[in-house]
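The structure appears below as structure tokens.
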Amino acid sequence: FRTERFMAKARAIVKRRKAVQNIRKITHTMELIATARFKKAMDRASQAAAYTRKISELVADVSANAAGLSHPLLTVRDQPAGSVLLVICSNRGLCGGYNANVLRHASRRFEELKTIGKFHNLEVAGKRGINFFRFRGQTPQEGYTHFEDKVRFDEVNVLADRYIQWYVSGKIDRLDVAYTKFLSASRQVGTVETLLPLAPSGAATAKDDRSASVKPLIASTAAQYEFLPDAAGILAEILPMSFKVRLFKCFLDAVVSEQISRMVAMKGATENAGNMIRSLTMLYNRARQAQITKEIAEIVGGAEAIK
């Protein structure tokens with residue numbers, strides 16, 4: 001009876017250890033895939049960061065040298081019409097606290113917009129975010145699931161053109177984007193940034209509660225410009241492009257941060273699986289050793305009884 005009980009226990013331990021070994025293979029593979037995708041995504045984000053920084057500097061310089069000129073995208077309206085909150089999450093899970101961090105910031109801003117009566121539209125990119133808001137009974141007006149690891153500019157450009165049209169026409173007066181900002185390979189921060197209205201250096205005012213949250217573009221340098229044909233035409237060209245590349249950069253940062261989170265989560269899961277395998281192996285060896293010791297003791301006792 002004891003032998004049968006040991007065999008059942010041993011089979012259960014071996015079966016569980018084999019299952020954990022299979023899980024470790026999967027998590028290790030996912031870690032390698034996330035590492036490869038992270039490197040490619042980081043290269044794209046780094047290249048876009050340089051372009052975004054340069055065009056932001058150009059917008060700030062042109063705005064500073066074109067005194068007296070204005071543009072609809074720079075206008076902070078006194079009478080708010082509405083706003084859009086765009087939340088960028090992932091389509092897949094197994095990436096640690098990546099989605100939870102973004103959704104926590106997005107939920108806080110969502111409630112703020114509802115409280116001050118300026119909420120207009122909730123749009124979510126990523127299945128995880130869509131399911132989160134639906135579970136809370138807050139179905140997004142728009143849900144996007146086609147943004148994958150390789151986000152294309154033309155995909156983001158469709159959204160950007162629509163937001164620009166809404167803002168210029170007065171349908172909305174604010175665009176907030178909740179995403180994970182990529183600062184370095186060891187630091188990613190969940191944040192909510194206001195992309196519309198654009199605010200070059202010194203443009204933000206304290207007329208209302210919105211202006212305090214508008215992030216200015218990079219501070220202008222002392223460069224002097226001669227405009228040809230005119231400053232207004234140049235501003236009309238570069239301001240929409242500045243907004244589009246900033247929105248595109250948000251998506252690129254989100255992709256990089258997602259892959260880093262998944263890489264770290266899968267590495268931790270692989271290490272935990274290895275620790276569990278060692279523990280199960282030790283447990284099996286101890287149980288087997290105890291059973292062998294009992295059997296030897298029974299044999300010796302039986303031999304002594306025969307004598």
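For the structure tokens, the naming scheme is as follows: chains receive sequential letters (A, B, ...) according to their order of presentation, residues are indexed from 1 within each chain, and ligands are indexed from 1 in presentation order.
Every protein, DNA or RNA residue with an atom at most 10 Å from segment 124-138 of chain A, where only C-alpha atoms count and chain neighbours fewer than 5 positions away do not, is listed here: Leu85, Leu86, Val87, Ile88, Cys89, Ser90, Asn91, Arg92, Gly93, Asn99, Ala100, Val102, Leu103, Ala106, Ser107, Gly143, Tyr144, Thr145, His146, Phe147, Glu148, Val177, Ala178, Tyr179 and Phe251 of chain A.
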Surrounding residues of Val245 of chain A excluding itself and chain neighbours under 6 positions, 10 Å, only C-alpha atoms, as an MDAnalysis selection string: chainID A and resid 48:49 51:53 55:56 153 156:157 160 251
For the residues selected in the previous step, produce a file with N, CA and C atoms as a CSV table (one decimal), in the first residue's frame.
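The resulting result-v2.csv:
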chain,number,residue,atom,x,y,z
A,48,ALA,N,12.7,58.2,-34.9
A,48,ALA,CA,11.6,59.1,-34.9
A,48,ALA,C,11.8,60.2,-33.8
A,49,ALA,N,12.5,59.9,-32.7
A,49,ALA,CA,12.7,60.9,-31.7
A,49,ALA,C,13.6,62.0,-32.2
A,51,TYR,N,13.8,63.1,-35.3
A,51,TYR,CA,13.0,63.9,-36.2
A,51,TYR,C,12.0,64.7,-35.5
A,52,THR,N,11.4,64.1,-34.5
A,52,THR,CA,10.4,64.8,-33.7
A,52,THR,C,11.0,66.0,-33.0
A,53,ARG,N,12.2,65.8,-32.4
A,53,ARG,CA,12.8,66.9,-31.7
A,53,ARG,C,13.2,68.0,-32.6
A,55,ILE,N,11.8,68.8,-35.6
A,55,ILE,CA,10.7,69.6,-36.2
A,55,ILE,C,10.0,70.4,-35.1
A,56,SER,N,10.1,70.0,-33.8
A,56,SER,CA,9.6,70.7,-32.7
A,56,SER,C,10.4,72.0,-32.5
A,153,PHE,N,3.4,54.9,-40.4
A,153,PHE,CA,3.0,56.3,-40.3
A,153,PHE,C,1.7,56.5,-41.0
A,156,VAL,N,-1.2,55.9,-38.6
A,156,VAL,CA,-1.4,57.0,-37.7
A,156,VAL,C,-1.9,58.3,-38.3
A,157,ASN,N,-1.5,58.5,-39.6
A,157,ASN,CA,-1.8,59.7,-40.3
A,157,ASN,C,-3.3,59.8,-40.5
A,160,ALA,N,-4.6,61.2,-37.3
A,160,ALA,CA,-4.1,62.6,-37.1
A,160,ALA,C,-4.9,63.5,-38.0
A,251,PHE,N,2.8,56.2,-30.5
A,251,PHE,CA,2.6,54.8,-30.8
A,251,PHE,C,3.9,54.1,-30.8
Could you list, as a ChimeraX atom specification, every residue within 8 Å of Ala81 of chain A, counting only C-alpha atoms and ignoring same-chain residues fewer than 5 positions away? /A:118,170-173
Write the selection just made, keeping N, CA, C and O atoms, as a CSV table (one decimal), in the first residue's frame?
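Output saved as again.csv:
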chain,number,residue,atom,x,y,z
A,118,LYS,N,-16.1,68.2,-20.0
A,118,LYS,CA,-15.5,68.5,-21.3
A,118,LYS,C,-15.3,67.2,-22.1
A,118,LYS,O,-14.7,67.2,-23.1
A,170,GLY,N,-13.7,73.1,-34.8
A,170,GLY,CA,-14.3,73.4,-33.5
A,170,GLY,C,-15.1,72.3,-32.9
A,170,GLY,O,-15.7,72.5,-31.8
A,171,LYS,N,-15.1,71.1,-33.4
A,171,LYS,CA,-15.8,70.0,-32.9
A,171,LYS,C,-15.2,69.6,-31.5
A,171,LYS,O,-15.9,69.2,-30.6
A,172,ILE,N,-13.9,69.7,-31.4
A,172,ILE,CA,-13.2,69.4,-30.2
A,172,ILE,C,-12.2,70.5,-29.9
A,172,ILE,O,-11.9,71.3,-30.8
A,173,ASP,N,-11.8,70.6,-28.6
A,173,ASP,CA,-10.9,71.7,-28.3
A,173,ASP,C,-9.6,71.1,-27.6
A,173,ASP,O,-8.8,71.8,-27.1
Taking the chain letters and numbering used in this document, name the residues of segment 64-212 of chain A that DSSP puts in strand (DSSP E), as a ChimeraX atom specification. /A:84-88,121-125,142-144,175-184,187-196
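Between Val192 of chain A and the residues A:Thr180, A:Thr293, A:Gln21, A:Asn121, the shortest atom-to-atom distance, using only C-alpha atoms, involves A:Thr180.
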Report the distance between atom CA of Ile26 of chain A and atom CA of Ile13 of chain A in Å, rounded to one decimal place.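 Between atom CA of Ile26 of chain A and atom CA of Ile13 of chain A the gap works out to 20.2 Å.
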Determine which residues of segment 36-162 of chain A DSSP labels as alpha helix (DSSP H) from the backbone of this structure, then write them out as a ChimeraX atom specification. /A:36-65,98-115,127-135,153-162
Could you name the residues that touch His28 of chain A at 8 Å or less, counting only C-alpha atoms, but leaving out those on the same chain fewer than 5 positions away, as an MDAnalysis selection string? chainID A and resid 266:267 270
Selected residues, C-alpha atoms, written as an mmCIF file, in the first residue's frame, please.
data_model
loop_
_atom_site.group_PDB
_atom_site.id
_atom_site.type_symbol
_atom_site.label_atom_id
_atom_site.label_comp_id
_atom_site.auth_asym_id
_atom_site.auth_seq_id
_atom_site.Cartn_x
_atom_site.Cartn_y
_atom_site.Cartn_z
ATOM 1 C CA MET A 266 8.896 36.379 -19.655
ATOM 2 C CA LYS A 267 12.423 36.421 -18.229
ATOM 3 C CA THR A 270 11.393 31.558 -17.061
#
Looking at only C-alpha atoms, which of A:Gln141, A:Gln259, A:Ser70, A:Asn101 is the one that sits closest to Lys39 of chain A? A:Gln259
From the options A:Leu283, A:Ala273, A:Val59, A:Ala297, which residue's atoms come nearest to Leu198 of chain A, counting only C-alpha atoms?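 Closest to Leu198 of chain A of all the choices is A:Val59.
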